[in-house]
$ cat model_17.cif   # mmCIF, C-alpha atoms and all ligand atoms
data_model
loop_
_atom_site.label_atom_id
_atom_site.label_comp_id
_atom_site.auth_asym_id
_atom_site.auth_seq_id
_atom_site.Cartn_x
_atom_site.Cartn_y
_atom_site.Cartn_z
CA MET A 202 -15.37 -16.07 10.56
CA GLN A 203 -12.39 -14.04 11.75
CA ILE A 204 -8.67 -14.48 11.81
CA ASN A 205 -6.98 -15.55 15.06
CA ASN A 206 -5.41 -12.47 16.59
CA GLU A 207 -3.07 -14.30 19.03
CA ARG A 208 -1.88 -16.75 16.42
CA LEU A 209 -1.08 -13.98 13.95
CA HIS A 210 0.78 -12.16 16.70
CA ARG A 211 2.81 -15.31 17.44
CA TYR A 212 3.69 -15.77 13.76
CA PHE A 213 4.71 -12.13 13.58
CA THR A 214 6.89 -12.03 16.69
CA GLU A 215 8.56 -15.37 15.93
CA MET A 216 9.45 -14.30 12.38
CA ALA A 217 10.83 -10.97 13.65
CA LYS A 218 13.46 -12.89 15.66
CA ASN A 219 15.22 -13.79 12.41
CA GLY A 220 17.69 -10.97 11.92
CA ALA A 221 16.34 -9.00 14.90
CA THR A 222 18.21 -5.75 15.61
CA GLU A 223 18.79 -4.14 18.99
CA LEU A 224 16.44 -1.26 18.24
CA GLY A 225 13.51 -3.57 17.49
CA GLY A 226 13.85 -3.82 13.73
CA VAL A 227 15.11 -6.58 11.45
CA HIS A 228 18.19 -6.93 9.29
CA ARG A 229 17.24 -9.77 6.98
CA LEU A 230 18.74 -9.09 3.58
CA ALA A 231 17.72 -11.39 0.73
CA LEU A 232 19.31 -14.87 0.65
CA THR A 233 21.48 -14.36 3.74
CA ASP A 234 21.52 -16.91 6.58
CA GLU A 235 18.91 -14.80 8.41
CA ASP A 236 16.66 -14.91 5.34
CA LYS A 237 17.15 -18.68 5.08
CA ALA A 238 16.15 -19.09 8.74
CA GLY A 239 13.00 -17.03 8.12
CA ARG A 240 12.17 -19.09 5.01
CA ASP A 241 12.69 -22.38 6.86
CA LEU A 242 10.37 -21.24 9.63
CA PHE A 243 7.71 -20.10 7.14
CA ILE A 244 7.80 -23.48 5.39
CA GLU A 245 7.59 -25.29 8.73
CA TRP A 246 4.40 -23.33 9.50
CA LEU A 247 2.94 -23.99 6.04
CA LYS A 248 3.50 -27.73 6.46
CA ALA A 249 2.14 -27.71 10.00
CA ILE A 250 -1.28 -26.66 8.69
CA GLY A 251 -1.17 -29.24 5.91
CA LEU A 252 -0.54 -26.90 2.97
CA SER A 253 1.39 -28.17 -0.03
CA VAL A 254 4.63 -26.21 -0.45
CA ARG A 255 6.47 -25.29 -3.66
CA VAL A 256 9.63 -23.31 -4.34
CA ASP A 257 10.17 -21.95 -7.83
CA ASP A 258 13.40 -21.19 -9.71
CA MET A 259 13.58 -17.68 -8.19
CA GLY A 260 13.24 -19.08 -4.68
CA ASN A 261 9.69 -17.78 -4.32
CA ILE A 262 7.83 -19.91 -1.77
CA TYR A 263 4.17 -20.91 -2.23
CA GLY A 264 1.86 -22.68 0.20
CA ARG A 265 -1.40 -23.91 -1.32
CA TYR A 266 -4.79 -24.43 0.28
CA SER A 267 -7.14 -26.36 -1.95
CA SER A 268 -10.58 -27.72 -1.35
CA GLY A 269 -10.58 -29.87 -4.45
CA ASN A 270 -10.50 -27.64 -7.54
CA GLU A 271 -6.88 -28.29 -8.37
CA ASP A 272 -7.22 -27.33 -12.05
CA LYS A 273 -8.36 -23.77 -11.39
CA PRO A 274 -5.83 -20.92 -11.21
CA PRO A 275 -5.06 -19.78 -7.65
CA VAL A 276 -5.88 -16.64 -5.77
CA ILE A 277 -2.44 -15.68 -4.46
CA ILE A 278 -1.94 -13.57 -1.33
CA GLY A 279 1.41 -12.56 0.13
CA SER A 280 4.42 -10.25 0.03
CA HIS A 281 8.11 -10.69 0.92
CA LEU A 282 10.24 -11.76 3.89
CA ASP A 283 13.45 -9.90 3.02
CA SER A 284 14.16 -6.53 4.63
CA VAL A 285 16.24 -3.48 3.79
CA TYR A 286 19.48 -2.72 5.65
CA GLN A 287 18.45 -2.42 9.31
CA GLY A 288 14.79 -2.19 8.41
CA GLY A 289 11.50 -2.75 10.20
CA LYS A 290 9.58 -5.87 11.20
CA PHE A 291 6.46 -4.99 9.23
CA ASP A 292 7.55 -4.22 5.69
CA GLY A 293 6.84 -7.37 3.69
CA ALA A 294 6.78 -9.92 6.52
CA LEU A 295 3.40 -8.66 7.68
CA GLY A 296 1.82 -9.40 4.29
CA VAL A 297 3.29 -12.90 4.17
CA LEU A 298 2.23 -13.76 7.72
CA ALA A 299 -1.24 -12.23 7.31
CA GLY A 300 -1.55 -14.46 4.22
CA LEU A 301 -0.43 -17.46 6.25
CA GLU A 302 -2.98 -16.63 8.97
CA VAL A 303 -5.76 -16.30 6.36
CA LEU A 304 -4.91 -19.78 5.01
CA HIS A 305 -4.75 -21.14 8.54
CA THR A 306 -8.24 -19.73 9.15
CA LEU A 307 -9.56 -21.23 5.89
CA SER A 308 -8.04 -24.58 6.72
CA GLU A 309 -9.28 -24.85 10.31
CA ASN A 310 -12.77 -23.88 9.15
CA LYS A 311 -12.54 -26.33 6.21
CA VAL A 312 -13.76 -23.56 3.87
CA GLN A 313 -14.71 -24.66 0.34
CA THR A 314 -13.39 -22.31 -2.31
CA ALA A 315 -13.94 -22.48 -6.04
CA PHE A 316 -10.29 -21.48 -6.59
CA PRO A 317 -7.24 -22.69 -4.69
CA VAL A 318 -5.71 -20.07 -2.41
CA GLU A 319 -1.95 -19.69 -2.13
CA VAL A 320 0.28 -17.65 0.13
CA VAL A 321 3.53 -16.45 -1.44
CA SER A 322 6.81 -15.01 -0.21
CA PHE A 323 8.78 -13.34 -3.01
CA THR A 324 12.58 -13.35 -3.15
CA ASN A 325 14.57 -10.09 -2.96
CA GLU A 326 11.69 -7.64 -3.14
CA GLU A 327 13.69 -4.86 -1.55
CA GLY A 328 16.59 -4.79 -3.97
CA THR A 329 18.89 -3.84 -1.10
CA ARG A 330 21.30 -6.71 -1.62
CA PHE A 331 20.69 -7.43 -5.32
CA GLN A 332 19.43 -4.75 -7.70
CA PRO A 333 16.89 -4.23 -9.09
CA ALA A 334 14.07 -4.46 -6.56
CA VAL A 335 10.95 -6.61 -7.16
CA ILE A 336 13.13 -8.86 -9.29
CA SER A 337 11.32 -12.15 -8.68
CA SER A 338 7.82 -10.99 -9.55
CA GLY A 339 9.56 -9.24 -12.47
CA VAL A 340 10.89 -12.59 -13.69
CA LEU A 341 7.42 -14.15 -13.34
CA ALA A 342 5.94 -11.28 -15.36
CA GLY A 343 8.61 -11.53 -18.06
CA GLU A 344 10.14 -8.15 -17.28
CA PHE A 345 13.55 -9.71 -16.46
CA SER A 346 15.10 -12.91 -17.78
CA LEU A 347 16.12 -15.65 -15.38
CA ASP A 348 19.76 -15.36 -16.48
CA PHE A 349 19.72 -11.62 -15.79
CA ALA A 350 18.28 -12.22 -12.31
CA TYR A 351 20.74 -15.01 -11.46
CA SER A 352 23.69 -12.87 -12.55
CA ARG A 353 22.87 -9.88 -10.31
CA PRO A 354 25.82 -9.37 -7.93
CA ASP A 355 25.74 -8.08 -4.37
CA GLN A 356 28.41 -5.59 -3.23
CA ASP A 357 30.91 -8.43 -2.75
CA GLY A 358 30.32 -9.80 -6.23
CA ILE A 359 28.33 -12.83 -5.01
CA THR A 360 25.43 -13.49 -7.38
CA LEU A 361 21.79 -13.98 -6.61
CA GLY A 362 21.86 -17.34 -8.38
CA ALA A 363 24.81 -18.58 -6.32
CA GLU A 364 23.17 -17.50 -3.07
CA LEU A 365 19.87 -19.17 -3.99
CA GLU A 366 21.82 -22.37 -4.48
CA ARG A 367 23.89 -21.95 -1.32
CA ILE A 368 20.86 -21.59 0.97
CA GLY A 369 19.03 -24.41 -0.84
CA TYR A 370 16.25 -22.35 -2.37
CA LYS A 371 16.86 -22.69 -6.10
CA GLY A 372 13.62 -24.49 -6.93
CA ASP A 373 11.94 -25.55 -10.13
CA SER A 374 10.49 -23.32 -12.86
CA ALA A 375 7.55 -25.76 -13.02
CA ASN A 376 6.57 -24.42 -9.59
CA ARG A 377 5.86 -20.94 -10.89
CA PRO A 378 2.14 -20.14 -11.05
CA SER A 379 1.16 -20.73 -14.69
CA GLN A 380 -2.02 -18.73 -14.31
CA VAL A 381 -3.16 -16.35 -11.60
CA GLN A 382 -6.83 -15.81 -10.78
CA ALA A 383 -6.04 -12.88 -8.52
CA TYR A 384 -3.15 -11.46 -6.52
CA LEU A 385 -3.69 -9.60 -3.27
CA GLU A 386 -0.98 -8.01 -1.13
CA MET A 387 -1.43 -6.56 2.33
CA HIS A 388 1.33 -4.16 3.35
CA ILE A 389 1.98 -1.28 5.70
CA GLU A 390 1.34 2.06 4.01
CA GLN A 391 4.89 3.31 4.68
CA GLY A 392 3.53 6.85 4.62
CA PRO A 393 1.49 9.13 6.92
CA ILE A 394 -1.84 9.51 5.07
CA LEU A 395 -3.99 6.85 6.78
CA GLU A 396 -2.78 7.72 10.26
CA GLU A 397 -3.19 11.47 9.75
CA THR A 398 -6.74 11.07 8.48
CA GLY A 399 -7.66 8.45 11.10
CA ILE A 400 -8.68 5.89 8.47
CA ASP A 401 -8.53 2.12 9.14
CA ILE A 402 -7.92 0.63 5.71
CA GLY A 403 -6.11 1.82 2.59
CA VAL A 404 -7.78 0.49 -0.56
CA VAL A 405 -4.88 0.66 -2.98
CA GLU A 406 -5.87 1.47 -6.55
CA GLY A 407 -2.41 1.30 -8.08
CA ILE A 408 1.25 2.19 -7.81
CA GLN A 409 2.60 5.55 -8.88
CA GLY A 410 5.17 5.77 -11.66
CA ALA A 411 8.84 6.19 -10.85
CA THR A 412 12.14 6.74 -12.57
CA TRP A 413 15.79 6.74 -11.55
CA LEU A 414 18.20 9.08 -13.30
CA GLU A 415 21.94 8.73 -12.89
CA ILE A 416 23.75 12.00 -13.53
CA SER A 417 27.54 12.16 -13.95
CA LEU A 418 29.12 15.60 -13.63
CA ILE A 419 32.63 15.94 -15.01
CA GLY A 420 34.57 19.01 -13.95
CA GLN A 421 38.28 19.34 -13.27
CA ALA A 422 39.96 18.14 -10.08
CA ASN A 423 42.47 20.72 -8.91
CA HIS A 424 44.30 22.12 -5.89
CA ALA A 425 42.02 23.71 -3.29
CA GLY A 426 44.63 26.27 -2.31
CA THR A 427 46.00 27.42 -5.63
CA THR A 428 43.01 27.50 -7.99
CA PRO A 429 41.29 30.92 -8.06
CA MET A 430 37.52 30.84 -7.63
CA ASN A 431 36.86 32.07 -11.17
CA ARG A 432 38.92 29.30 -12.74
CA ARG A 433 37.18 26.34 -11.22
CA GLN A 434 35.15 23.56 -12.81
CA ASP A 435 33.74 22.26 -9.57
CA ALA A 436 31.55 19.18 -10.08
CA MET A 437 30.37 19.34 -6.46
CA VAL A 438 29.04 22.88 -6.76
CA ALA A 439 27.13 21.84 -9.87
CA ALA A 440 25.79 18.82 -7.98
CA SER A 441 24.63 20.99 -5.08
CA ARG A 442 22.72 23.27 -7.43
CA ILE A 443 21.13 20.28 -9.16
CA ILE A 444 20.01 18.78 -5.84
CA LEU A 445 18.23 22.03 -4.95
CA ALA A 446 16.76 22.35 -8.44
CA VAL A 447 15.36 18.80 -8.27
CA ARG A 448 13.64 19.64 -4.99
CA GLU A 449 12.15 22.77 -6.51
CA ILE A 450 10.86 20.88 -9.56
CA ALA A 451 9.00 18.45 -7.30
CA ALA A 452 7.85 20.92 -4.67
CA GLN A 453 6.84 23.80 -6.92
CA LYS A 454 6.86 23.10 -10.65
CA VAL A 455 5.15 19.73 -11.16
CA PRO A 456 2.47 19.20 -8.47
CA ASN A 457 2.25 15.79 -6.71
CA THR A 458 5.81 14.84 -7.64
CA VAL A 459 8.26 13.58 -5.04
CA ALA A 460 11.97 13.75 -5.82
CA THR A 461 15.01 12.56 -3.92
CA VAL A 462 18.75 12.66 -4.41
CA GLY A 463 19.82 9.86 -2.09
CA LYS A 464 23.10 8.79 -3.59
CA LEU A 465 26.25 10.73 -4.33
CA ARG A 466 29.74 9.63 -5.31
CA ILE A 467 32.50 12.23 -5.20
CA GLU A 468 35.96 12.01 -6.76
CA PRO A 469 38.57 12.43 -5.46
CA ASN A 470 36.59 13.01 -2.22
CA ILE A 471 39.43 14.56 -0.23
CA VAL A 472 39.45 17.76 1.80
CA ASN A 473 42.00 19.76 -0.19
CA ALA A 474 40.97 19.07 -3.80
CA ILE A 475 38.22 20.55 -5.95
CA PRO A 476 35.86 17.68 -6.81
CA GLY A 477 36.53 16.62 -10.40
CA LYS A 478 33.67 14.21 -10.73
CA VAL A 479 30.35 13.67 -8.99
CA VAL A 480 27.82 10.96 -9.79
CA LEU A 481 24.38 11.39 -8.27
CA ALA A 482 21.12 9.52 -8.56
CA VAL A 483 17.69 11.13 -8.71
CA ASP A 484 14.53 9.23 -7.75
CA LEU A 485 11.40 10.87 -9.19
CA ARG A 486 7.85 9.64 -8.59
CA GLN A 487 4.53 10.91 -9.83
CA PRO A 488 1.05 9.34 -10.25
CA ASP A 489 0.45 10.82 -13.72
CA ASN A 490 2.65 9.41 -16.50
CA PRO A 491 2.81 12.57 -18.71
CA LYS A 492 3.65 14.66 -15.63
CA LEU A 493 6.46 12.25 -14.77
CA GLN A 494 7.86 12.87 -18.25
CA GLU A 495 7.43 16.60 -17.73
CA ALA A 496 9.44 16.42 -14.49
CA VAL A 497 12.18 14.41 -16.22
CA GLY A 498 12.27 17.02 -19.00
CA LEU A 499 12.65 19.82 -16.46
CA VAL A 500 15.49 17.99 -14.70
CA LYS A 501 17.30 17.63 -18.04
CA ALA A 502 16.83 21.27 -19.01
CA THR A 503 17.92 22.55 -15.62
CA LEU A 504 20.90 20.21 -15.63
CA ALA A 505 22.06 21.56 -19.00
CA GLN A 506 21.79 25.15 -17.81
CA ILE A 507 23.57 24.61 -14.49
CA CYS A 508 26.38 22.67 -16.15
CA GLU A 509 26.90 25.42 -18.69
CA GLU A 510 27.11 28.04 -15.94
CA GLU A 511 29.49 25.90 -13.87
CA LYS A 512 31.62 24.89 -16.90
CA VAL A 513 31.03 21.23 -16.12
CA LYS A 514 30.25 18.44 -18.62
CA TYR A 515 27.52 15.94 -17.89
CA GLU A 516 25.99 12.61 -18.83
CA ILE A 517 22.50 11.53 -17.90
CA ASN A 518 21.35 7.95 -17.88
CA GLN A 519 17.84 6.71 -17.13
CA LEU A 520 18.49 3.66 -14.95
CA TRP A 521 14.88 2.67 -14.44
CA LEU A 522 11.42 3.74 -15.55
CA SER A 523 8.20 2.29 -14.31
CA SER A 524 4.93 3.82 -15.42
CA THR A 525 1.98 4.13 -13.06
CA VAL A 526 0.24 0.75 -12.71
CA MET A 527 -3.49 0.74 -12.03
CA PHE A 528 -4.94 -2.36 -10.36
CA ASN A 529 -7.97 -4.37 -11.39
CA GLU A 530 -11.18 -2.52 -10.53
CA LYS A 531 -13.00 -5.70 -9.49
CA VAL A 532 -10.31 -6.54 -6.95
CA VAL A 533 -10.07 -2.94 -5.73
CA GLY A 534 -13.86 -2.83 -5.42
CA THR A 535 -13.86 -6.15 -3.54
CA VAL A 536 -11.35 -4.82 -1.01
CA GLU A 537 -13.46 -1.70 -0.61
CA GLN A 538 -16.63 -3.73 -0.11
CA ALA A 539 -14.89 -5.99 2.42
CA ALA A 540 -13.76 -2.98 4.46
CA LYS A 541 -17.31 -1.61 4.31
CA ASN A 542 -18.88 -4.95 5.33
CA LEU A 543 -16.61 -5.18 8.35
CA GLY A 544 -17.47 -1.63 9.42
CA PHE A 545 -14.06 -0.05 8.89
CA SER A 546 -13.34 3.40 7.54
CA TYR A 547 -11.40 3.26 4.27
CA ARG A 548 -10.10 5.37 1.44
CA ARG A 549 -8.81 4.71 -2.03
CA MET A 550 -5.19 5.69 -2.61
CA LEU A 551 -2.15 5.12 -4.79
CA SER A 552 0.95 3.47 -3.41
CA GLY A 553 3.96 5.75 -3.27
CA ALA A 554 6.34 2.79 -3.11
CA GLY A 555 6.86 -0.10 -5.51
CA HIS A 556 5.64 -3.61 -4.59
CA ASP A 557 5.52 -7.06 -6.18
CA ALA A 558 1.87 -6.27 -6.94
CA MET A 559 3.22 -3.99 -9.68
CA TYR A 560 4.40 -6.96 -11.76
CA MET A 561 1.78 -9.43 -10.53
CA ALA A 562 -0.82 -7.10 -12.06
CA ARG A 563 0.41 -8.39 -15.46
CA LEU A 564 -0.38 -11.98 -14.49
CA GLY A 565 -3.77 -11.62 -12.89
CA ALA A 566 -6.36 -9.31 -11.36
CA THR A 567 -4.46 -7.50 -8.61
CA GLY A 568 -5.10 -5.31 -5.58
CA MET A 569 -3.49 -4.24 -2.31
CA ILE A 570 -4.57 -3.43 1.23
CA PHE A 571 -2.68 -0.82 3.28
CA VAL A 572 -2.30 -0.75 7.06
CA PRO A 573 -1.83 2.64 8.80
CA THR A 574 1.82 3.14 9.74
CA ILE A 575 2.84 4.91 12.94
CA ASP A 576 4.32 8.32 12.04
CA GLY A 577 4.50 7.05 8.45
CA LYS A 578 7.95 5.64 9.24
CA SER A 579 9.32 2.77 7.15
CA HIS A 580 12.61 1.26 5.97
CA CYS A 581 13.93 1.97 9.47
CA GLN A 582 14.01 0.07 12.74
CA GLU A 583 11.30 2.28 14.29
CA GLU A 584 8.80 1.15 11.65
CA SER A 585 5.57 0.14 13.40
CA ALA A 586 1.80 -0.21 13.21
CA ARG A 587 -0.90 -0.51 15.87
CA TRP A 588 -1.69 -4.20 16.37
CA GLU A 589 -5.43 -3.53 16.20
CA ALA A 590 -4.90 -1.93 12.77
CA VAL A 591 -3.01 -5.05 11.66
CA VAL A 592 -5.82 -7.34 12.83
CA ASN A 593 -8.43 -5.18 11.08
CA ALA A 594 -6.54 -5.28 7.80
CA THR A 595 -5.97 -9.04 8.06
CA ASN A 596 -9.72 -9.53 8.47
CA VAL A 597 -10.24 -7.42 5.34
CA LEU A 598 -7.67 -9.65 3.62
CA LEU A 599 -9.64 -12.74 4.73
CA GLU A 600 -12.97 -11.29 3.59
CA THR A 601 -11.56 -10.20 0.23
CA THR A 602 -9.85 -13.57 -0.30
CA LEU A 603 -13.13 -15.39 0.38
CA HIS A 604 -14.85 -13.32 -2.29
CA LEU A 605 -12.08 -13.65 -4.85
CA ALA A 606 -11.66 -17.38 -4.33
CA GLN A 607 -15.34 -18.03 -4.78
CA ALA A 608 -16.30 -15.71 -7.61
CA GLN A 609 -15.05 -15.95 -11.17
CA ILE A 610 -13.08 -12.77 -11.92
CA ALA A 611 -12.08 -11.94 -15.46
CA ILE A 612 -8.33 -11.90 -15.91
CA PRO A 613 -7.36 -8.60 -17.60
CA ALA A 614 -6.03 -8.81 -21.14
ZN ZN A 701 7.71 -4.18 1.20
#

$ encode --input "model_17.cif" --output "structure tokens"
Amino acid sequence: MQINNERLHRYFTEMAKNGATELGGVHRLALTDEDKAGRDLFIEWLKAIGLSVRVDDMGNIYGRYSSGNEDKPPVIIGSHLDSVYQGGKFDGALGVLAGLEVLHTLSENKVQTAFPVEVVSFTNEEGTRFQPAVISSGVLAGEFSLDFAYSRPDQDGITLGAELERIGYKGDSANRPSQVQAYLEMHIEQGPILEETGIDIGVVEGIQGATWLEISLIGQANHAGTTPMNRRQDAMVAASRIILAVREIAAQKVPNTVATVGKLRIEPNIVNAIPGKVVLAVDLRQPDNPKLQEAVGLVKATLAQICEEEKVKYEINQLWLSSTVMFNEKVVGTVEQAAKNLGFSYRRMLSGAGHDAMYMARLGATGMIFVPTIDGKSHCQEESARWEAVVNATNVLLETTLHLAQAQIAIPA
């Protein structure tokens, strides 16, 4: 049994029309009209193959294939349909549509499974419109309260809860999965490793830890023409030194760390004034939890030293911390075995990016499958993958799902 290549391609290209951009990407931010159109289409497809559809109180959509064992917990496969700002067609949508295609294949072959199989699309995985990211799986896992999630505002102050209601996707909490036999997410790698090594399938063992630090630097705004160089408390100069120091910590001091300063706010941000205040955000990621702490410690120590030298005050605030999550070995092993059975090359790896699988791992035995990504490009309109690689990974998803839905897998404590 194999998935239907043409049908998957049709699902994929039709979905990509929702929020399509001129450069071949998608702009489909969570709970916008484009997202609603994508959701409506997904539900239409689920119903067309006779699956029962549920929407929970976070707007997560589930389509269930069952061959009779309604009381058993489901094997859930899926990802998310929302995109980042002018993002790619593959990130998220591919995992949802591959899940849909797997269920379509099960249904047309009338496959008997011991456990029901569900496809899921999670709401607001990206966190582009409403922060934080992975908020819906976070609510399911008990990391965030429903009230907290509903109250998250977008940049115009419109809340996630209000938008769920507006587009008609505020469903029922009774539709959440009460128990999860297994969760499996297929996703593009979003990095260069598989392509560079010529490997077909990424067997994802877990997700590396990450933290966000917000650093406020308080100097003294002053006239650019009249303030001598030795009398300045320039928050921007301090920020520049910190940005370089953060890169050095990741590149040289704590191996296997990646660090990014991607956000900067400058006050007063005019050409003829010394910057009095700069707020910057540091994203640090590292597979080993103690080493992540070590990197954070080095950032703090370096920050203190630079600020002293630049006569600038500072505040540091840890906005987010997520430790490395390791997936269930039985699921990871099943993915590996499926890749082997189908004759694909594969390697075990950690995910550099966060995914809903991170929180779903608290609810059931979890794993992920990565698809090689062209030039490792993601979160941009050029994001792409070879179609053959997509088909290969979807067949691994099918094979793994068959195993997980038939065999009893212990749910981790
Ligand atoms: Zn994604």

$ residues_near_point --input "model_17.cif" --point "(-9.9, -1.6, -3.4)" --cutoff "10 Å" --atoms "all atoms listed in the file" --output "PDB file with C-alpha atoms, in the frame of the given file"
ATOM      1  CA  ILE A 402      -7.920   0.630   5.710  1.00  0.00           C
ATOM      2  CA  GLY A 403      -6.110   1.820   2.590  1.00  0.00           C
ATOM      3  CA  VAL A 404      -7.780   0.490  -0.560  1.00  0.00           C
ATOM      4  CA  VAL A 405      -4.880   0.660  -2.980  1.00  0.00           C
ATOM      5  CA  GLU A 406      -5.870   1.470  -6.550  1.00  0.00           C
ATOM      6  CA  GLY A 407      -2.410   1.300  -8.080  1.00  0.00           C
ATOM      7  CA  PHE A 528      -4.940  -2.360 -10.360  1.00  0.00           C
ATOM      8  CA  ASN A 529      -7.970  -4.370 -11.390  1.00  0.00           C
ATOM      9  CA  GLU A 530     -11.180  -2.520 -10.530  1.00  0.00           C
ATOM     10  CA  LYS A 531     -13.000  -5.700  -9.490  1.00  0.00           C
ATOM     11  CA  VAL A 532     -10.310  -6.540  -6.950  1.00  0.00           C
ATOM     12  CA  VAL A 533     -10.070  -2.940  -5.730  1.00  0.00           C
ATOM     13  CA  GLY A 534     -13.860  -2.830  -5.420  1.00  0.00           C
ATOM     14  CA  THR A 535     -13.860  -6.150  -3.540  1.00  0.00           C
ATOM     15  CA  VAL A 536     -11.350  -4.820  -1.010  1.00  0.00           C
ATOM     16  CA  GLU A 537     -13.460  -1.700  -0.610  1.00  0.00           C
ATOM     17  CA  GLN A 538     -16.630  -3.730  -0.110  1.00  0.00           C
ATOM     18  CA  ALA A 539     -14.890  -5.990   2.420  1.00  0.00           C
ATOM     19  CA  ALA A 540     -13.760  -2.980   4.460  1.00  0.00           C
ATOM     20  CA  TYR A 547     -11.400   3.260   4.270  1.00  0.00           C
ATOM     21  CA  ARG A 548     -10.100   5.370   1.440  1.00  0.00           C
ATOM     22  CA  ARG A 549      -8.810   4.710  -2.030  1.00  0.00           C
ATOM     23  CA  MET A 550      -5.190   5.690  -2.610  1.00  0.00           C
ATOM     24  CA  THR A 567      -4.460  -7.500  -8.610  1.00  0.00           C
ATOM     25  CA  GLY A 568      -5.100  -5.310  -5.580  1.00  0.00           C
ATOM     26  CA  MET A 569      -3.490  -4.240  -2.310  1.00  0.00           C
ATOM     27  CA  ILE A 570      -4.570  -3.430   1.230  1.00  0.00           C
ATOM     28  CA  PHE A 571      -2.680  -0.820   3.280  1.00  0.00           C
ATOM     29  CA  THR A 601     -11.560 -10.200   0.230  1.00  0.00           C
TER      30      THR A 601
END

$ closest_residue --input "model_17.cif" --among "A:Tyr515, A:Phe213, A:Tyr286, A:Phe291" --to "ligand ZN 701 (chain A)" --atoms "all atoms listed in the file"
A:Phe291

$ atom_distance --input "model_17.cif" --atom1 "CA of Val497 in chain A" --atom2 "CA of Ser417 in chain A"
15.7 Å

$ residues_near_ligand --input "model_17.cif" --ligand "ligand ZN 701 (chain A)" --cutoff "8 Å" --atoms "only C-alpha atoms and all ligand atoms" --output "tab-separated table (two decimals) with C-alpha atoms, in the coordinates of the input"
chain	number	residue	atom	x	y	z
A	280	SER	CA	4.42	-10.25	0.03
A	281	HIS	CA	8.11	-10.69	0.92
A	284	SER	CA	14.16	-6.53	4.63
A	292	ASP	CA	7.55	-4.22	5.69
A	293	GLY	CA	6.84	-7.37	3.69
A	294	ALA	CA	6.78	-9.92	6.52
A	326	GLU	CA	11.69	-7.64	-3.14
A	327	GLU	CA	13.69	-4.86	-1.55
A	388	HIS	CA	1.33	-4.16	3.35
A	389	ILE	CA	1.98	-1.28	5.70
A	555	GLY	CA	6.86	-0.10	-5.51
A	556	HIS	CA	5.64	-3.61	-4.59

$ closest_atom_pairs --input "model_17.cif" --of "range 242-285 of chain A" --to "range 344-359 of chain A" --cutoff "12 Å" --atoms "all atoms listed in the file" --output "CSV"
residue,atom,partner,partner_atom,distance
A:Asp257,CA,A:Leu347,CA,11.5
A:Asp258,CA,A:Leu347,CA,8.4
A:Met259,CA,A:Leu347,CA,7.9
A:Gly260,CA,A:Tyr351,CA,10.9

$ decode --input "model_17.cif" --residues "range 425-433 of chain A" --atoms "N, CA, C and O atoms" --output "mmCIF file, in the first residue's frame"
data_model
loop_
_atom_site.group_PDB
_atom_site.id
_atom_site.type_symbol
_atom_site.label_atom_id
_atom_site.label_comp_id
_atom_site.auth_asym_id
_atom_site.auth_seq_id
_atom_site.Cartn_x
_atom_site.Cartn_y
_atom_site.Cartn_z
ATOM 1 N N ALA A 425 23.663 64.750 19.388
ATOM 2 C CA ALA A 425 24.743 64.087 18.652
ATOM 3 C C ALA A 425 25.886 65.037 18.314
ATOM 4 O O ALA A 425 27.016 64.609 18.079
ATOM 5 N N GLY A 426 25.600 66.323 18.308
ATOM 6 C CA GLY A 426 26.619 67.292 17.920
ATOM 7 C C GLY A 426 27.392 67.866 19.087
ATOM 8 O O GLY A 426 28.569 68.215 18.949
ATOM 9 N N THR A 427 26.758 67.925 20.248
ATOM 10 C CA THR A 427 27.369 68.662 21.350
ATOM 11 C C THR A 427 27.937 67.791 22.463
ATOM 12 O O THR A 427 28.598 68.293 23.366
ATOM 13 N N THR A 428 27.663 66.500 22.425
ATOM 14 C CA THR A 428 28.126 65.626 23.512
ATOM 15 C C THR A 428 29.471 64.997 23.145
ATOM 16 O O THR A 428 29.549 64.229 22.180
ATOM 17 N N PRO A 429 30.546 65.343 23.872
ATOM 18 C CA PRO A 429 31.857 64.763 23.561
ATOM 19 C C PRO A 429 31.816 63.235 23.675
ATOM 20 O O PRO A 429 31.034 62.688 24.438
ATOM 21 N N MET A 430 32.700 62.575 22.928
ATOM 22 C CA MET A 430 32.688 61.120 22.889
ATOM 23 C C MET A 430 32.912 60.502 24.271
ATOM 24 O O MET A 430 32.376 59.448 24.565
ATOM 25 N N ASN A 431 33.701 61.130 25.104
ATOM 26 C CA ASN A 431 34.005 60.530 26.414
ATOM 27 C C ASN A 431 32.905 60.780 27.449
ATOM 28 O O ASN A 431 33.033 60.363 28.589
ATOM 29 N N ARG A 432 31.850 61.496 27.069
ATOM 30 C CA ARG A 432 30.795 61.761 28.041
ATOM 31 C C ARG A 432 29.473 61.095 27.655
ATOM 32 O O ARG A 432 28.413 61.473 28.127
ATOM 33 N N ARG A 433 29.588 60.092 26.824
ATOM 34 C CA ARG A 433 28.361 59.475 26.323
ATOM 35 C C ARG A 433 27.991 58.216 27.099
ATOM 36 O O ARG A 433 28.849 57.474 27.564
#
